[in-house]
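First up is the structure itself, then whatever we jot down about it.
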Amino acid sequence: MAERVLMRNFDLENSYTLAGYRATGGYTAWDTARGMPPDAITDTVKKSNLRGLGGAGFPTGTKWSFIPKNHTGPVYLVINADEGEPGTFKDRYLLERDPHSLIEGMLIAARAIRSALGFVYIRGEYVQPWRRFSAAVKEAYDAGLLGSGFDIVVHRGAGAYICGEETGLLSSLEGKKGWPKIKPPFPAIKGAFGAPTIVNNVETICCVPPIISRGAEWFAGLGTKTQGGTRMYSVSGRVKKPAVYEESVAITLRQLIEKAGGVSGTGRLKAVVPGGGSAAILTANEIDVPMDVDGLKVAGSMIGSAGVIVMDESVSIPEALMVLARFYAHESCGQCTPCRESTGWIYKMVHRIVEGHGKKDDLDTILDVAKRGGGTTICAFYDGAIGPYISYIEKFRSEFEALCRI
Amino acid sequence: MIGGATGASNRPPADRTGLAGPAPTGAPTFSPEQLAEVRRLQGLYPDKRGALLPVLHMAQETFGWISLPTEEYVAGLFDLSPAHVHEVVTFYTLYFQQPKGRHVVAVCHNLSCYLAGAKDLLAHVKSRLGVEVGETTPDGRITLQSVECLCACEAAPMAQVDERYELNLTPEKMDRILERLR
């Protein structure tokens with residue numbers, strides 16, 4: 001097991017209280033950071049090679065440096081706790097078991113980007129994590145950590161996967177339906193309520209206190225050349241020990257499946273989703289891939305939110321695609337025509353294939369529609385849907401064809 | 001959008017807070033204390049409209065569900081058009097546009113739960129309750145939903161029962177949970 005950085009406090013009985021967090025050195029990184037010039041904090045995070053752990057994998061320090069230097073108005077820090085990517089459950093653990101590490105990370109990040117107000121957008125279904133995190137925020141106010149230069153507003157979502165997309169989240173935070181916005185302008189220029197805004201994932205910000213405490217070089221050394229640190233891999237599906245595993249980003253998918261007890265069911269691996277529902281599927285022969293941002297890119301998939309879903313030989317790939325296609329059809333926000341129309345129709349087509357009413361032409365129709373649609377929409381939602389459509393059919397075509405009788 | 005996320009029975013609104021649940025045609029109003037809370041929430045955001053989702057959560061807790069008159073009432077608190085509030089209410093799955101049961105059982109049907117038997121679990125719950133997805137039992141006890149990933153895939157199959165996540169479900173475990181709901 002890799003050194004625990006993010007999950008270091010998880011086994012402590014009172015890890016979620018201020019007293020429990022302080023007992024393990026909590027808020028000492030903030031003591032250090034408050035004595036640092038803001039740009040020095042950003043430089044440290046840049047050198048750590050921390051990359052966004054919510055999905056896109058963008059270098060965090062670089063993102064922070066996009067806030068205009070001459071800006072005099074408010075700047076906002078927004079934490080994306082709208083966890084919803086199928087197969088991902090890491091942020092839920094962080095909110096419930098180590099909420100103060102997020103608060104401390106926010107204090108440090110806010111100093112770096114010169115923000116006096118932060119929002120934490122928690123998905124509406126996460127009632128217990130919301131309560132736990134809100135209690136931690138209250139403790140931090142009572143202790144004077146918040147309210148003296150930096151405030152946090154905890155905001156509950158109301159059920160919409162698209163609000164995990166950063167500009168959809170900002171629309172929702174502004175009291176609108178969660179429609180993504182055209183970029184540019186990027187949030188760092190014009191974000192929440194029209195002001196420069198940095199949107200970071202929960203886990204990303206929880207990496208910041210250890211980086212300040214132990215140094216950028218130490219953090220960078222935990223990972224690969226282009227990505228520092230460890231991350232929390234959510235492993236589920238047909239494995240013997242489904243759970244969240246913190247490992248170096250240099251671990252391979254094969255090693256990770258072994259950590260999770262190996263394949264359950266028939267015990268023979270068929271396929272793996274390596275980075276949440278929107279990642280292209282990998283076959284049993286493609287699992288010697290390093291689980292960092294660039295490693296998965298080379299393998300033609302993506303690490304995304306690091307939600308790993310394992311499928312053994314007995315799993316029907318067409319049925320798995322049908323389940324995901326239903327998800328995309330339900331969660332498309334409806335703003336862009338290619339996404340709104342294709343997700344609905346592709347779900348209907350995959351559904352009829354699974355029901356035994358598919359035509360052989362259907363497969364090529366789906367592939368054609370999917371391949372034409374990439375890059376035609378405002379946000380990355382539809383690009384995320386295309387990954388499964390194409391990879392499931394291309395890599396397991398015979399399974400689909402066996403169901404198409406007409 | 002495919003699949004029903006909201007309840008669809010004709011029972012009266014659930015009374016979840018001890019406050020009177022108004023009839024759909026009645027005029028919903030917050031208490032003075034609640035109005036103070038609305039103003040506090042509005043003050044947290046650079047633009048008070050940021051508090052719309054939290055206030056709609058409050059409205060649903062108070063009135064049981066979000067009726068058209070409730071949308072109009074909330075719109076008035078924000079100087080927004082009722083059309084804007086309607087657009088928001090209809091966009092999100094957690095706001096009920098019809099009366100819902102005293103309890104909501106939301107079975108996850110996304111991939112990890114599917115691999116762990118969510119389809120059979122959902123069929124079991126449907127037959128046990130005698131309702132389809134999106135419906136409420138005739139006694140107003142339970143509204144059944146099937147929902148997308150609730151992000152507890154390590155404990156699949158799972159469901160959300162009101163505010164709680166119920167994990168590692170079997171038909172037998174689910175029966176015991178359903179029996180406790182009154």
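Each chain in the structure tokens gets a letter, A, B and so on, in the order shown; residues start at 1 in every chain, and ligands are counted from 1 in the order they appear.
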
> Could you list, as a VMD selection string, every residue of chain B that has an atom within 7 Å of an atom of chain A, counting only C-alpha atoms?
Replying inline: chain B and resid 1 to 2 44 46 49 to 54 87 to 88 91 to 94 110 to 112 115 148 to 154 163

>> DSSP on the backbone, helix (DSSP H, G or I) only: what residues of chain B does that give? Format it as number ranges by chain.
In response: B: 32-43, 48-63, 68-78, 82-91, 111-115, 118-129, 153-155, 171-180

Which of segment 119-368 of chain A fall in strand (DSSP E or B), as a PDB file with C-alpha atoms, in the first residue's frame:
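Listed below is the output, result_21.pdb:
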```pdb
ATOM      1  CA  PHE A 119     -18.580  27.954  -1.990  1.00  0.00           C
ATOM      2  CA  VAL A 120     -18.793  24.213  -1.523  1.00  0.00           C
ATOM      3  CA  TYR A 121     -21.365  22.732  -3.910  1.00  0.00           C
ATOM      4  CA  ILE A 122     -22.453  19.367  -2.480  1.00  0.00           C
ATOM      5  CA  ASP A 151     -15.820  32.688   4.494  1.00  0.00           C
ATOM      6  CA  ILE A 152     -17.337  29.442   3.293  1.00  0.00           C
ATOM      7  CA  VAL A 153     -20.912  28.975   2.075  1.00  0.00           C
ATOM      8  CA  VAL A 154     -22.083  25.365   1.920  1.00  0.00           C
ATOM      9  CA  HIS A 155     -24.515  24.952  -0.957  1.00  0.00           C
ATOM     10  CA  ARG A 156     -26.720  21.930  -1.627  1.00  0.00           C
ATOM     11  CA  THR A 197     -13.540  31.991 -10.073  1.00  0.00           C
ATOM     12  CA  ILE A 198     -11.470  28.879  -9.518  1.00  0.00           C
ATOM     13  CA  VAL A 199     -13.411  25.633  -9.482  1.00  0.00           C
ATOM     14  CA  ASN A 200     -11.567  22.689  -7.922  1.00  0.00           C
ATOM     15  CA  ASN A 201     -12.614  19.179  -6.940  1.00  0.00           C
ATOM     16  CA  THR A 230      -1.428   9.652  -4.720  1.00  0.00           C
ATOM     17  CA  ARG A 231      -5.120   9.571  -5.445  1.00  0.00           C
ATOM     18  CA  MET A 232      -8.190   7.740  -4.257  1.00  0.00           C
ATOM     19  CA  TYR A 233      -9.313   5.029  -6.647  1.00  0.00           C
ATOM     20  CA  SER A 234     -12.936   3.974  -6.262  1.00  0.00           C
ATOM     21  CA  VAL A 235     -13.043   0.287  -7.200  1.00  0.00           C
ATOM     22  CA  SER A 236     -16.393  -1.452  -7.667  1.00  0.00           C
ATOM     23  CA  GLY A 237     -18.156  -4.009  -9.809  1.00  0.00           C
ATOM     24  CA  VAL A 239     -14.033  -7.465  -7.510  1.00  0.00           C
ATOM     25  CA  ALA A 243     -13.676  -0.063  -1.747  1.00  0.00           C
ATOM     26  CA  VAL A 244     -11.757   3.157  -2.108  1.00  0.00           C
ATOM     27  CA  TYR A 245      -7.983   2.589  -2.382  1.00  0.00           C
ATOM     28  CA  GLU A 246      -5.374   5.304  -2.060  1.00  0.00           C
ATOM     29  CA  GLU A 247      -2.410   4.533  -4.275  1.00  0.00           C
ATOM     30  CA  SER A 248       0.335   6.314  -6.185  1.00  0.00           C
ATOM     31  CA  THR A 252      -1.154   0.016 -12.980  1.00  0.00           C
ATOM     32  CA  VAL A 263     -11.889 -10.463 -10.032  1.00  0.00           C
ATOM     33  CA  LEU A 269     -11.708 -10.630 -16.308  1.00  0.00           C
ATOM     34  CA  LYS A 270     -13.588  -9.396 -19.350  1.00  0.00           C
ATOM     35  CA  ALA A 271     -13.363  -5.615 -19.272  1.00  0.00           C
ATOM     36  CA  VAL A 272     -12.736  -2.625 -17.033  1.00  0.00           C
ATOM     37  CA  VAL A 273     -13.998   0.940 -16.950  1.00  0.00           C
ATOM     38  CA  LEU A 282     -10.523  -1.449 -21.615  1.00  0.00           C
ATOM     39  CA  THR A 283     -10.344  -5.167 -22.391  1.00  0.00           C
ATOM     40  CA  PRO A 290      -0.426   3.260 -15.478  1.00  0.00           C
ATOM     41  CA  GLY A 307     -13.831   5.286 -10.708  1.00  0.00           C
ATOM     42  CA  VAL A 308     -12.846   1.744 -11.665  1.00  0.00           C
ATOM     43  CA  ILE A 309     -15.685  -0.648 -12.577  1.00  0.00           C
ATOM     44  CA  VAL A 310     -14.607  -4.250 -13.112  1.00  0.00           C
ATOM     45  CA  MET A 311     -16.559  -6.722 -15.260  1.00  0.00           C
ATOM     46  CA  ASP A 312     -15.960 -10.444 -15.291  1.00  0.00           C
TER      47      ASP A 312
END
```

>> Quick check, in Å to one decimal: how far apart do atom CA of Gly356 of chain A and atom CA of Leu122 of chain B lie?
In response: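 Distance reported for this atom pair: 22.0 Å.
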
>> Counting only C-alpha atoms, which residue out of B:Lys126, B:Phe30, B:Asp120, B:Leu178 sits closest to Leu77 of chain B?
In response: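 Comparing B:Lys126, B:Phe30, B:Asp120, B:Leu178 against Leu77 of chain B, the winner is B:Phe30.
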
>> For Leu129 of chain B, find every residue with an atom within 9 Å (counting only C-alpha atoms), except residues of its own chain fewer than 6 positions away, and show them as an MDAnalysis selection string.
In response: chainID B and resid 136:137 142 144 178
